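Student: For reference, this is protein-v8.pdb, and it has PDB, C-alpha atoms, pLDDT in the B column.
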```pdb
ATOM      1  CA  MET A 134       0.000   0.000   0.000  1.00 47.00           C
ATOM      2  CA  LYS A 135       1.311   3.468  -0.864  1.00 51.00           C
ATOM      3  CA  PRO A 136       2.066   5.836   2.044  1.00 57.00           C
ATOM      4  CA  LEU A 137      -0.707   8.339   2.646  1.00 51.00           C
ATOM      5  CA  PHE A 138       1.459  11.359   1.813  1.00 47.00           C
ATOM      6  CA  ALA A 139       2.415   9.806  -1.540  1.00 51.00           C
ATOM      7  CA  THR A 140      -1.224   9.205  -2.396  1.00 47.00           C
ATOM      8  CA  LEU A 141      -2.160  12.763  -1.434  1.00 40.00           C
ATOM      9  CA  ALA A 142       0.785  14.183  -3.387  1.00 43.00           C
ATOM     10  CA  ALA A 143      -0.247  12.262  -6.487  1.00 46.00           C
ATOM     11  CA  ALA A 144      -3.836  13.461  -6.137  1.00 40.00           C
ATOM     12  CA  ALA A 145      -2.675  17.058  -5.688  1.00 37.00           C
ATOM     13  CA  ALA A 146      -0.445  16.827  -8.758  1.00 41.00           C
ATOM     14  CA  ALA A 147      -3.315  15.460 -10.837  1.00 42.00           C
ATOM     15  CA  LEU A 148      -5.564  18.270  -9.637  1.00 36.00           C
ATOM     16  CA  LEU A 149      -2.975  20.906 -10.512  1.00 36.00           C
ATOM     17  CA  LEU A 150      -2.552  19.426 -13.981  1.00 41.00           C
ATOM     18  CA  SER A 151      -6.322  19.443 -14.467  1.00 42.00           C
ATOM     19  CA  VAL A 152      -6.596  23.064 -13.321  1.00 38.00           C
ATOM     20  CA  ALA A 153      -3.698  24.053 -15.585  1.00 44.00           C
ATOM     21  CA  ALA A 154      -5.313  22.346 -18.575  1.00 50.00           C
ATOM     22  CA  HIS A 155      -8.636  24.101 -17.988  1.00 58.00           C
ATOM     23  CA  ALA A 156      -6.817  27.415 -17.543  1.00 59.00           C
ATOM     24  CA  SER A 157      -5.034  26.879 -20.851  1.00 79.00           C
ATOM     25  CA  GLU A 158      -8.311  26.101 -22.611  1.00 87.00           C
ATOM     26  CA  THR A 159      -9.815  29.310 -21.217  1.00 87.00           C
ATOM     27  CA  ASP A 160      -6.736  31.334 -22.168  1.00 87.00           C
ATOM     28  CA  ILE A 161      -6.851  29.993 -25.714  1.00 89.00           C
ATOM     29  CA  ARG A 162     -10.565  30.730 -26.109  1.00 89.00           C
ATOM     30  CA  LEU A 163     -10.152  34.275 -24.801  1.00 90.00           C
ATOM     31  CA  ALA A 164      -7.089  34.942 -26.961  1.00 89.00           C
ATOM     32  CA  PHE A 165      -8.764  33.582 -30.057  1.00 88.00           C
ATOM     33  CA  ALA A 166     -12.007  35.530 -29.528  1.00 89.00           C
ATOM     34  CA  LYS A 167     -10.030  38.739 -28.925  1.00 90.00           C
ATOM     35  CA  ARG A 168      -7.661  38.404 -31.872  1.00 89.00           C
ATOM     36  CA  PHE A 169     -10.144  36.914 -34.362  1.00 88.00           C
ATOM     37  CA  PRO A 170     -13.492  38.545 -33.493  1.00 90.00           C
ATOM     38  CA  ASN A 171     -15.020  37.793 -36.910  1.00 88.00           C
ATOM     39  CA  TYR A 172     -14.286  34.050 -36.788  1.00 86.00           C
ATOM     40  CA  PRO A 173     -16.838  31.489 -35.553  1.00 84.00           C
ATOM     41  CA  LYS A 174     -16.713  30.503 -31.910  1.00 86.00           C
ATOM     42  CA  LEU A 175     -14.471  27.524 -31.155  1.00 89.00           C
ATOM     43  CA  ASP A 176     -16.487  24.328 -30.790  1.00 90.00           C
ATOM     44  CA  GLU A 177     -13.837  22.564 -28.736  1.00 91.00           C
ATOM     45  CA  VAL A 178     -10.380  23.009 -27.228  1.00 92.00           C
ATOM     46  CA  ARG A 179      -8.573  19.863 -26.143  1.00 90.00           C
ATOM     47  CA  LYS A 180      -5.095  18.634 -25.330  1.00 92.00           C
ATOM     48  CA  THR A 181      -3.042  16.708 -27.875  1.00 92.00           C
ATOM     49  CA  PRO A 182      -0.429  14.041 -27.103  1.00 93.00           C
ATOM     50  CA  VAL A 183       2.218  16.780 -27.496  1.00 92.00           C
ATOM     51  CA  PRO A 184       2.832  18.644 -24.200  1.00 91.00           C
ATOM     52  CA  GLY A 185       1.773  22.284 -24.429  1.00 90.00           C
ATOM     53  CA  ILE A 186       0.001  21.890 -27.777  1.00 92.00           C
ATOM     54  CA  PHE A 187      -3.796  22.099 -27.952  1.00 93.00           C
ATOM     55  CA  GLU A 188      -6.286  21.199 -30.649  1.00 92.00           C
ATOM     56  CA  LEU A 189      -8.766  23.913 -31.675  1.00 92.00           C
ATOM     57  CA  ARG A 190     -11.837  22.679 -33.514  1.00 91.00           C
ATOM     58  CA  PHE A 191     -14.495  24.432 -35.611  1.00 87.00           C
ATOM     59  CA  GLY A 192     -16.892  21.763 -36.825  1.00 82.00           C
ATOM     60  CA  SER A 193     -14.562  19.285 -38.518  1.00 80.00           C
ATOM     61  CA  GLU A 194     -11.775  21.814 -39.170  1.00 88.00           C
ATOM     62  CA  ILE A 195      -8.755  21.571 -36.874  1.00 91.00           C
ATOM     63  CA  ILE A 196      -5.874  23.919 -36.059  1.00 91.00           C
ATOM     64  CA  TYR A 197      -3.350  23.848 -33.215  1.00 93.00           C
ATOM     65  CA  SER A 198      -2.206  26.322 -30.579  1.00 91.00           C
ATOM     66  CA  ASP A 199       0.262  26.748 -27.750  1.00 90.00           C
ATOM     67  CA  LYS A 200      -1.172  26.849 -24.227  1.00 88.00           C
ATOM     68  CA  ASN A 201      -1.637  30.640 -24.247  1.00 87.00           C
ATOM     69  CA  GLY A 202      -3.162  31.018 -27.683  1.00 87.00           C
ATOM     70  CA  ASP A 203      -0.218  33.181 -28.780  1.00 89.00           C
ATOM     71  CA  TYR A 204       0.879  30.909 -31.626  1.00 89.00           C
ATOM     72  CA  MET A 205      -1.315  28.849 -33.927  1.00 89.00           C
ATOM     73  CA  PHE A 206      -0.611  26.590 -36.850  1.00 90.00           C
ATOM     74  CA  HIS A 207      -2.475  24.451 -39.357  1.00 91.00           C
ATOM     75  CA  GLY A 208      -1.331  21.084 -40.639  1.00 92.00           C
ATOM     76  CA  SER A 209      -1.063  17.391 -39.835  1.00 93.00           C
ATOM     77  CA  LEU A 210       0.093  16.103 -36.460  1.00 93.00           C
ATOM     78  CA  ILE A 211       1.854  12.816 -37.151  1.00 94.00           C
ATOM     79  CA  ASP A 212       2.980  10.153 -34.688  1.00 93.00           C
ATOM     80  CA  THR A 213       6.364   9.216 -36.146  1.00 94.00           C
ATOM     81  CA  ARG A 214       6.521   6.008 -34.118  1.00 94.00           C
ATOM     82  CA  THR A 215       3.384   4.562 -35.682  1.00 94.00           C
ATOM     83  CA  ARG A 216       3.318   6.812 -38.791  1.00 93.00           C
ATOM     84  CA  VAL A 217      -0.309   7.613 -38.009  1.00 92.00           C
ATOM     85  CA  ASP A 218      -1.677  10.988 -39.122  1.00 91.00           C
ATOM     86  CA  LEU A 219      -3.391  11.949 -35.856  1.00 92.00           C
ATOM     87  CA  THR A 220      -5.089  14.948 -37.458  1.00 90.00           C
ATOM     88  CA  GLN A 221      -6.710  12.879 -40.198  1.00 88.00           C
ATOM     89  CA  GLU A 222      -7.621  10.175 -37.682  1.00 87.00           C
ATOM     90  CA  ARG A 223      -9.411  12.792 -35.577  1.00 89.00           C
ATOM     91  CA  ILE A 224     -11.212  14.286 -38.591  1.00 84.00           C
ATOM     92  CA  ASP A 225     -12.339  10.830 -39.684  1.00 83.00           C
ATOM     93  CA  LYS A 226     -13.911  10.303 -36.249  1.00 85.00           C
ATOM     94  CA  LEU A 227     -15.620  13.687 -36.397  1.00 84.00           C
ATOM     95  CA  LEU A 228     -17.071  12.928 -39.823  1.00 81.00           C
ATOM     96  CA  VAL A 229     -18.503   9.509 -38.954  1.00 84.00           C
ATOM     97  CA  VAL A 230     -22.074   9.246 -40.246  1.00 86.00           C
ATOM     98  CA  ASP A 231     -24.905   7.428 -38.505  1.00 90.00           C
ATOM     99  CA  PHE A 232     -25.732   5.105 -41.408  1.00 92.00           C
ATOM    100  CA  GLY A 233     -29.011   4.049 -39.820  1.00 92.00           C
ATOM    101  CA  SER A 234     -30.232   7.643 -39.817  1.00 92.00           C
ATOM    102  CA  LEU A 235     -29.700   8.214 -43.541  1.00 95.00           C
ATOM    103  CA  PRO A 236     -33.009   8.694 -45.438  1.00 96.00           C
ATOM    104  CA  LEU A 237     -32.464   5.855 -47.912  1.00 97.00           C
ATOM    105  CA  LYS A 238     -35.934   6.427 -49.380  1.00 97.00           C
ATOM    106  CA  ASP A 239     -34.432   9.506 -51.074  1.00 97.00           C
ATOM    107  CA  ALA A 240     -31.732   7.428 -52.751  1.00 97.00           C
ATOM    108  CA  MET A 241     -31.736   5.214 -55.822  1.00 97.00           C
ATOM    109  CA  VAL A 242     -30.840   1.630 -54.978  1.00 97.00           C
ATOM    110  CA  ILE A 243     -28.972  -0.797 -57.210  1.00 97.00           C
ATOM    111  CA  ARG A 244     -28.641  -4.388 -55.988  1.00 97.00           C
ATOM    112  CA  GLN A 245     -25.921  -6.667 -57.318  1.00 97.00           C
ATOM    113  CA  GLY A 246     -25.927 -10.313 -56.296  1.00 96.00           C
ATOM    114  CA  ASN A 247     -27.700 -10.873 -52.984  1.00 96.00           C
ATOM    115  CA  GLY A 248     -27.324  -7.186 -52.013  1.00 95.00           C
ATOM    116  CA  SER A 249     -26.317  -8.066 -48.454  1.00 95.00           C
ATOM    117  CA  ARG A 250     -23.562  -5.434 -48.114  1.00 96.00           C
ATOM    118  CA  ARG A 251     -24.651  -1.817 -48.190  1.00 95.00           C
ATOM    119  CA  PHE A 252     -23.005   1.508 -48.850  1.00 96.00           C
ATOM    120  CA  VAL A 253     -24.017   4.993 -49.931  1.00 97.00           C
ATOM    121  CA  VAL A 254     -22.730   7.181 -52.744  1.00 97.00           C
ATOM    122  CA  PHE A 255     -23.333  10.914 -53.124  1.00 97.00           C
ATOM    123  CA  ALA A 256     -22.987  11.698 -56.830  1.00 97.00           C
ATOM    124  CA  ASP A 257     -23.611  14.372 -59.446  1.00 97.00           C
ATOM    125  CA  PRO A 258     -24.741  13.234 -62.932  1.00 97.00           C
ATOM    126  CA  ASN A 259     -22.172  15.513 -64.600  1.00 97.00           C
ATOM    127  CA  CYS A 260     -19.257  14.420 -62.395  1.00 96.00           C
ATOM    128  CA  GLY A 261     -16.599  12.701 -64.529  1.00 96.00           C
ATOM    129  CA  TYR A 262     -15.064  10.934 -61.535  1.00 96.00           C
ATOM    130  CA  CYS A 263     -18.529   9.663 -60.581  1.00 96.00           C
ATOM    131  CA  LYS A 264     -18.974   8.203 -64.068  1.00 97.00           C
ATOM    132  CA  ARG A 265     -15.620   6.466 -63.933  1.00 95.00           C
ATOM    133  CA  MET A 266     -16.401   5.020 -60.509  1.00 96.00           C
ATOM    134  CA  GLU A 267     -19.920   3.984 -61.512  1.00 96.00           C
ATOM    135  CA  ALA A 268     -18.479   1.772 -64.260  1.00 96.00           C
ATOM    136  CA  ASP A 269     -16.080   0.254 -61.739  1.00 95.00           C
ATOM    137  CA  LEU A 270     -18.925  -0.471 -59.298  1.00 96.00           C
ATOM    138  CA  LEU A 271     -20.217  -3.062 -61.770  1.00 96.00           C
ATOM    139  CA  ASN A 272     -17.393  -5.324 -60.566  1.00 94.00           C
ATOM    140  CA  LEU A 273     -18.668  -5.517 -56.976  1.00 96.00           C
ATOM    141  CA  LYS A 274     -20.617  -8.565 -55.817  1.00 95.00           C
ATOM    142  CA  ASP A 275     -23.437  -8.897 -53.278  1.00 96.00           C
ATOM    143  CA  VAL A 276     -23.918  -5.172 -52.669  1.00 97.00           C
ATOM    144  CA  SER A 277     -26.764  -2.706 -52.368  1.00 97.00           C
ATOM    145  CA  ILE A 278     -25.608   0.691 -53.612  1.00 97.00           C
ATOM    146  CA  TYR A 279     -27.707   3.631 -52.423  1.00 98.00           C
ATOM    147  CA  THR A 280     -27.035   6.690 -54.581  1.00 98.00           C
ATOM    148  CA  PHE A 281     -28.111  10.129 -53.418  1.00 98.00           C
ATOM    149  CA  LEU A 282     -28.356  12.506 -56.383  1.00 98.00           C
ATOM    150  CA  LEU A 283     -26.400  15.616 -55.406  1.00 97.00           C
ATOM    151  CA  PRO A 284     -26.647  18.201 -58.210  1.00 96.00           C
ATOM    152  CA  VAL A 285     -23.833  20.562 -57.224  1.00 95.00           C
ATOM    153  CA  LEU A 286     -22.027  21.150 -60.521  1.00 95.00           C
ATOM    154  CA  GLY A 287     -24.401  23.650 -62.081  1.00 95.00           C
ATOM    155  CA  PRO A 288     -27.904  24.089 -63.544  1.00 96.00           C
ATOM    156  CA  ASP A 289     -27.610  21.186 -65.993  1.00 96.00           C
ATOM    157  CA  SER A 290     -26.801  18.835 -63.105  1.00 96.00           C
ATOM    158  CA  LEU A 291     -30.112  19.784 -61.519  1.00 96.00           C
ATOM    159  CA  VAL A 292     -31.985  19.228 -64.793  1.00 96.00           C
ATOM    160  CA  LYS A 293     -30.411  15.813 -65.337  1.00 97.00           C
ATOM    161  CA  SER A 294     -30.983  14.845 -61.697  1.00 97.00           C
ATOM    162  CA  LYS A 295     -34.686  15.684 -62.050  1.00 97.00           C
ATOM    163  CA  ASP A 296     -34.937  13.727 -65.295  1.00 97.00           C
ATOM    164  CA  ILE A 297     -33.261  10.693 -63.743  1.00 97.00           C
ATOM    165  CA  TRP A 298     -35.219  10.847 -60.478  1.00 97.00           C
ATOM    166  CA  CYS A 299     -38.512  11.149 -62.358  1.00 96.00           C
ATOM    167  CA  SER A 300     -37.781   8.195 -64.660  1.00 95.00           C
ATOM    168  CA  LYS A 301     -39.910   5.072 -64.424  1.00 95.00           C
ATOM    169  CA  ASP A 302     -36.834   3.246 -63.104  1.00 96.00           C
ATOM    170  CA  PRO A 303     -34.414   5.887 -61.692  1.00 97.00           C
ATOM    171  CA  ALA A 304     -31.636   3.402 -60.911  1.00 97.00           C
ATOM    172  CA  LYS A 305     -31.753   2.024 -64.463  1.00 97.00           C
ATOM    173  CA  ALA A 306     -31.805   5.547 -65.926  1.00 97.00           C
ATOM    174  CA  TRP A 307     -28.851   6.472 -63.702  1.00 98.00           C
ATOM    175  CA  ARG A 308     -26.705   3.580 -64.892  1.00 97.00           C
ATOM    176  CA  ALA A 309     -27.735   4.158 -68.511  1.00 97.00           C
ATOM    177  CA  TRP A 310     -26.545   7.761 -68.317  1.00 97.00           C
ATOM    178  CA  MET A 311     -23.447   7.290 -66.162  1.00 97.00           C
ATOM    179  CA  VAL A 312     -22.092   4.119 -67.797  1.00 96.00           C
ATOM    180  CA  GLU A 313     -23.538   4.125 -71.325  1.00 96.00           C
ATOM    181  CA  GLY A 314     -24.097   7.833 -71.941  1.00 95.00           C
ATOM    182  CA  HIS A 315     -27.829   7.497 -72.719  1.00 96.00           C
ATOM    183  CA  ALA A 316     -29.559  10.685 -71.577  1.00 94.00           C
ATOM    184  CA  PRO A 317     -32.796  10.276 -69.582  1.00 94.00           C
ATOM    185  CA  ALA A 318     -36.163  11.416 -70.894  1.00 94.00           C
ATOM    186  CA  THR A 319     -37.347  14.865 -69.838  1.00 95.00           C
ATOM    187  CA  ALA A 320     -39.116  14.822 -66.481  1.00 93.00           C
ATOM    188  CA  ALA A 321     -42.844  15.485 -66.313  1.00 93.00           C
ATOM    189  CA  ALA A 322     -43.671  18.980 -65.076  1.00 91.00           C
ATOM    190  CA  ASN A 323     -45.673  17.627 -62.128  1.00 94.00           C
ATOM    191  CA  CYS A 324     -42.950  15.229 -60.902  1.00 95.00           C
ATOM    192  CA  ASP A 325     -42.102  15.584 -57.200  1.00 95.00           C
ATOM    193  CA  THR A 326     -38.390  16.399 -56.967  1.00 95.00           C
ATOM    194  CA  THR A 327     -38.303  17.611 -53.358  1.00 96.00           C
ATOM    195  CA  ALA A 328     -36.059  14.633 -52.563  1.00 97.00           C
ATOM    196  CA  LEU A 329     -33.269  16.467 -54.395  1.00 97.00           C
ATOM    197  CA  ASP A 330     -33.652  19.441 -52.063  1.00 96.00           C
ATOM    198  CA  ARG A 331     -33.462  17.082 -49.100  1.00 97.00           C
ATOM    199  CA  ASN A 332     -30.355  15.469 -50.591  1.00 96.00           C
ATOM    200  CA  LEU A 333     -28.624  18.837 -50.872  1.00 96.00           C
ATOM    201  CA  GLU A 334     -29.455  19.576 -47.253  1.00 95.00           C
ATOM    202  CA  LEU A 335     -28.255  16.109 -46.243  1.00 94.00           C
ATOM    203  CA  GLY A 336     -24.978  16.775 -48.029  1.00 94.00           C
ATOM    204  CA  ARG A 337     -24.542  20.095 -46.234  1.00 92.00           C
ATOM    205  CA  LYS A 338     -25.402  18.555 -42.874  1.00 90.00           C
ATOM    206  CA  ASN A 339     -22.807  15.815 -43.322  1.00 89.00           C
ATOM    207  CA  LYS A 340     -20.203  18.145 -44.866  1.00 87.00           C
ATOM    208  CA  VAL A 341     -20.088  16.382 -48.215  1.00 90.00           C
ATOM    209  CA  GLN A 342     -17.832  18.815 -50.072  1.00 85.00           C
ATOM    210  CA  GLY A 343     -17.496  17.051 -53.396  1.00 90.00           C
ATOM    211  CA  THR A 344     -18.648  14.127 -55.480  1.00 95.00           C
ATOM    212  CA  PRO A 345     -18.375  11.242 -55.429  1.00 96.00           C
ATOM    213  CA  ALA A 346     -18.413  10.636 -51.680  1.00 94.00           C
ATOM    214  CA  LEU A 347     -19.007   7.222 -50.102  1.00 95.00           C
ATOM    215  CA  VAL A 348     -20.375   6.214 -46.711  1.00 94.00           C
ATOM    216  CA  PHE A 349     -20.133   2.672 -45.343  1.00 94.00           C
ATOM    217  CA  GLU A 350     -22.325   0.912 -42.786  1.00 93.00           C
ATOM    218  CA  ASP A 351     -19.835   1.498 -39.972  1.00 91.00           C
ATOM    219  CA  GLY A 352     -20.196   5.248 -40.582  1.00 90.00           C
ATOM    220  CA  SER A 353     -16.760   5.670 -42.157  1.00 90.00           C
ATOM    221  CA  ARG A 354     -16.372   7.739 -45.289  1.00 89.00           C
ATOM    222  CA  ALA A 355     -14.269   7.866 -48.444  1.00 87.00           C
ATOM    223  CA  PRO A 356     -14.132  11.165 -50.328  1.00 83.00           C
ATOM    224  CA  GLY A 357     -13.488  10.955 -54.044  1.00 87.00           C
ATOM    225  CA  ALA A 358     -13.538   8.121 -56.548  1.00 92.00           C
ATOM    226  CA  ILE A 359     -11.835   5.015 -55.202  1.00 92.00           C
ATOM    227  CA  PRO A 360     -11.333   1.732 -57.125  1.00 93.00           C
ATOM    228  CA  ALA A 361     -13.675  -1.211 -56.642  1.00 94.00           C
ATOM    229  CA  GLN A 362     -10.868  -3.137 -54.908  1.00 94.00           C
ATOM    230  CA  GLN A 363     -10.617  -0.435 -52.239  1.00 94.00           C
ATOM    231  CA  ILE A 364     -14.391  -0.351 -51.835  1.00 94.00           C
ATOM    232  CA  GLU A 365     -14.341  -4.115 -51.384  1.00 94.00           C
ATOM    233  CA  ALA A 366     -11.680  -3.779 -48.677  1.00 93.00           C
ATOM    234  CA  ARG A 367     -13.720  -1.079 -46.916  1.00 91.00           C
ATOM    235  CA  LEU A 368     -16.838  -3.259 -47.042  1.00 93.00           C
ATOM    236  CA  VAL A 369     -14.928  -6.122 -45.428  1.00 91.00           C
ATOM    237  CA  ALA A 370     -13.503  -3.829 -42.742  1.00 86.00           C
ATOM    238  CA  SER A 371     -16.925  -2.283 -42.097  1.00 83.00           C
ATOM    239  CA  ALA A 372     -18.491  -5.718 -41.589  1.00 82.00           C
ATOM    240  CA  LYS A 373     -15.893  -6.594 -38.942  1.00 73.00           C
ATOM    241  CA  LYS A 374     -16.651  -3.566 -36.768  1.00 70.00           C
ATOM    242  CA  PRO A 375     -19.192  -4.067 -33.965  1.00 62.00           C
TER
END
```
I need this file expressed as structure tokens, please.
Tutor:
Amino acid sequence: MKPLFATLAAAAAALLLSVAAHASETDIRLAFAKRFPNYPKLDEVRKTPVPGIFELRFGSEIIYSDKNGDYMFHGSLIDTRTRVDLTQERIDKLLVVDFGSLPLKDAMVIRQGNGSRRFVVFADPNCGYCKRMEADLLNLKDVSIYTFLLPVLGPDSLVKSKDIWCSKDPAKAWRAWMVEGHAPATAAANCDTTALDRNLELGRKNKVQGTPALVFEDGSRAPGAIPAQQIEARLVASAKKP
């Protein structure tokens, strides 16, 4: 059993460290608000594994500061022992999506094989990278691909998205356009396209900043077009997570 004075000393040291950390967080917040009055309020200030360096977070954007808020810098914090990019690891955690909460009724679904493995794609009909990836998706087996039309590349993207969404078989019209280049028929004037508005809001809410963007069942994301082999690996990894 440790001597009483040693136990008390350890407790006192821990308390002092806690007080110092909270003081640093307050100092940083005050310094930031004073020196950058037009910037958004910091969502979070937290310690990093590097002594004296704190993480400052606005949404999913991260910068770093010393304990007084006098010096700040932007970039990746990398653990050289493990070669892990701690900044990207943190951002990935912040951007995790609750897959179960996604409104899949607003997406087109394409089932290949038994469709047992699911993932989501946010895509624009005029996105060249989306077209390239769509052709590659044909190589995946036993998947259900939920595609949210995200017309972000201009007025024609919105027109094509409406035409595709209003088709008799939107998923078939989507593949015909993206893979084969067959344009969809013009949408009827009375077609309900409010799902596209909801998709745009969903993209903003989940900080989808470009197309294509993928979301897997474990909530992890992959921005940009990635090969079918990588998607397959992500599906396997997603299935292993509790």
Student: Once the PyMOL selection byres ((chain A and resi 299) around 8) is applied to the coordinates I shared, what remains selected? I want it as JSON, numbers by chain.
Tutor: {"A": [295, 296, 297, 298, 300, 301, 303, 320, 321, 324, 325, 326]}
Student: Any chance you could resolve the PyMOL selection byres ((chain A and resi 241-243) around 12) against this file and give the residues as an mmCIF file with C-alpha atoms, in the frame of the given file?
Tutor:
```cif
data_model
loop_
_atom_site.group_PDB
_atom_site.id
_atom_site.type_symbol
_atom_site.label_atom_id
_atom_site.label_comp_id
_atom_site.auth_asym_id
_atom_site.auth_seq_id
_atom_site.Cartn_x
_atom_site.Cartn_y
_atom_site.Cartn_z
ATOM 1 C CA PRO A 236 -33.009 8.694 -45.438
ATOM 2 C CA LEU A 237 -32.464 5.855 -47.912
ATOM 3 C CA LYS A 238 -35.934 6.427 -49.380
ATOM 4 C CA ASP A 239 -34.432 9.506 -51.074
ATOM 5 C CA ALA A 240 -31.732 7.428 -52.751
ATOM 6 C CA ARG A 244 -28.641 -4.388 -55.988
ATOM 7 C CA GLN A 245 -25.921 -6.667 -57.318
ATOM 8 C CA GLY A 246 -25.927 -10.313 -56.296
ATOM 9 C CA ASN A 247 -27.700 -10.873 -52.984
ATOM 10 C CA GLY A 248 -27.324 -7.186 -52.013
ATOM 11 C CA SER A 249 -26.317 -8.066 -48.454
ATOM 12 C CA ARG A 250 -23.562 -5.434 -48.114
ATOM 13 C CA ARG A 251 -24.651 -1.817 -48.190
ATOM 14 C CA PHE A 252 -23.005 1.508 -48.850
ATOM 15 C CA VAL A 253 -24.017 4.993 -49.931
ATOM 16 C CA VAL A 254 -22.730 7.181 -52.744
ATOM 17 C CA PHE A 255 -23.333 10.914 -53.124
ATOM 18 C CA ALA A 256 -22.987 11.698 -56.830
ATOM 19 C CA GLU A 267 -19.920 3.984 -61.512
ATOM 20 C CA LEU A 270 -18.925 -0.471 -59.298
ATOM 21 C CA LEU A 271 -20.217 -3.062 -61.770
ATOM 22 C CA LEU A 273 -18.668 -5.517 -56.976
ATOM 23 C CA LYS A 274 -20.617 -8.565 -55.817
ATOM 24 C CA ASP A 275 -23.437 -8.897 -53.278
ATOM 25 C CA VAL A 276 -23.918 -5.172 -52.669
ATOM 26 C CA SER A 277 -26.764 -2.706 -52.368
ATOM 27 C CA ILE A 278 -25.608 0.691 -53.612
ATOM 28 C CA TYR A 279 -27.707 3.631 -52.423
ATOM 29 C CA THR A 280 -27.035 6.690 -54.581
ATOM 30 C CA PHE A 281 -28.111 10.129 -53.418
ATOM 31 C CA LEU A 282 -28.356 12.506 -56.383
ATOM 32 C CA LEU A 283 -26.400 15.616 -55.406
ATOM 33 C CA SER A 294 -30.983 14.845 -61.697
ATOM 34 C CA ILE A 297 -33.261 10.693 -63.743
ATOM 35 C CA TRP A 298 -35.219 10.847 -60.478
ATOM 36 C CA CYS A 299 -38.512 11.149 -62.358
ATOM 37 C CA SER A 300 -37.781 8.195 -64.660
ATOM 38 C CA LYS A 301 -39.910 5.072 -64.424
ATOM 39 C CA ASP A 302 -36.834 3.246 -63.104
ATOM 40 C CA PRO A 303 -34.414 5.887 -61.692
ATOM 41 C CA ALA A 304 -31.636 3.402 -60.911
ATOM 42 C CA LYS A 305 -31.753 2.024 -64.463
ATOM 43 C CA ALA A 306 -31.805 5.547 -65.926
ATOM 44 C CA TRP A 307 -28.851 6.472 -63.702
ATOM 45 C CA ARG A 308 -26.705 3.580 -64.892
ATOM 46 C CA ALA A 328 -36.059 14.633 -52.563
ATOM 47 C CA LEU A 329 -33.269 16.467 -54.395
ATOM 48 C CA ASN A 332 -30.355 15.469 -50.591
#
```
Student: Taking only residues of region 308-364 of chain A that have an atom at most 10 Å from an atom of region 211-231 of chain A, what is each one's shortest atom pair and its distance in Å to one decimal, using all atoms listed in the file, in chain and number order, as CSV?
Tutor:
```
residue,atom,partner,partner_atom,distance
A:Asn339,CA,A:Val230,CA,7.3
A:Lys340,CA,A:Leu228,CA,7.9
A:Val341,CA,A:Leu228,CA,9.6
A:Val348,CA,A:Val230,CA,7.3
A:Phe349,CA,A:Val230,CA,8.5
A:Glu350,CA,A:Asp231,CA,8.2
A:Asp351,CA,A:Asp231,CA,7.9
A:Gly352,CA,A:Val230,CA,4.4
A:Ser353,CA,A:Val229,CA,5.3
A:Arg354,CA,A:Val229,CA,6.9
A:Ala355,CA,A:Asp225,CA,9.4
```
Student: Determine the residue set returned by the PyMOL selection byres ((chain A and resi 177) around 9) for the present structure, and present it as a list of chain:residue names.
Tutor: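 Given this file, the PyMOL selection byres ((chain A and resi 177) around 9) evaluates to A:Glu158, A:Leu175, A:Asp176, A:Val178, A:Arg179, A:Glu188, A:Leu189, A:Arg190, A:Phe191, A:Gly192.
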Student: Just write the chosen residues, C-alpha atoms, as a PDB file, in the coordinates of the input.
Tutor:
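File written: again-v4.pdb
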```pdb
ATOM      1  CA  GLU A 158      -8.311  26.101 -22.611  1.00 87.00           C
ATOM      2  CA  LEU A 175     -14.471  27.524 -31.155  1.00 89.00           C
ATOM      3  CA  ASP A 176     -16.487  24.328 -30.790  1.00 90.00           C
ATOM      4  CA  VAL A 178     -10.380  23.009 -27.228  1.00 92.00           C
ATOM      5  CA  ARG A 179      -8.573  19.863 -26.143  1.00 90.00           C
ATOM      6  CA  GLU A 188      -6.286  21.199 -30.649  1.00 92.00           C
ATOM      7  CA  LEU A 189      -8.766  23.913 -31.675  1.00 92.00           C
ATOM      8  CA  ARG A 190     -11.837  22.679 -33.514  1.00 91.00           C
ATOM      9  CA  PHE A 191     -14.495  24.432 -35.611  1.00 87.00           C
ATOM     10  CA  GLY A 192     -16.892  21.763 -36.825  1.00 82.00           C
TER      11      GLY A 192
END
```
Student: Enter the distance from CA of Ala166 (chain A) to CA of Gly202 (chain A), in Å, rounded to one decimal.
Tutor: 10.1 Å
Student: Quick one: of A:Gly357, A:Pro345, A:Pro182, A:Pro258, who's nearest to Gly314 (chain A), counting all atoms listed in the file?
Tutor: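 The closest residue to Gly314 (chain A) is A:Pro258.
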Student: Which distance in Å separates CA of Asp289 (chain A) and CA of Asn259 (chain A), to one decimal?
Tutor: 8.0 Å
Student: Show which residues sit within 9 Å of Ala164 (chain A), as a PyMOL selection string. Count all atoms listed in the file, and ignore same-chain residues fewer than 4 positions away.
Tutor: chain A and resi 159-160+168-169+201-203
Student: Mind giving me the straight-line distance from CA of Gly336 (chain A) to CA of Arg367 (chain A) in Å, one decimal?
Tutor: 21.1 Å
Student: Given only C-alpha atoms as the basis, pick out the residue of A:Pro284, A:Pro317, A:Pro184, A:Pro356 nearest to Glu334 (chain A).
Tutor: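 Smallest separation from Glu334 (chain A) among the options: A:Pro284.
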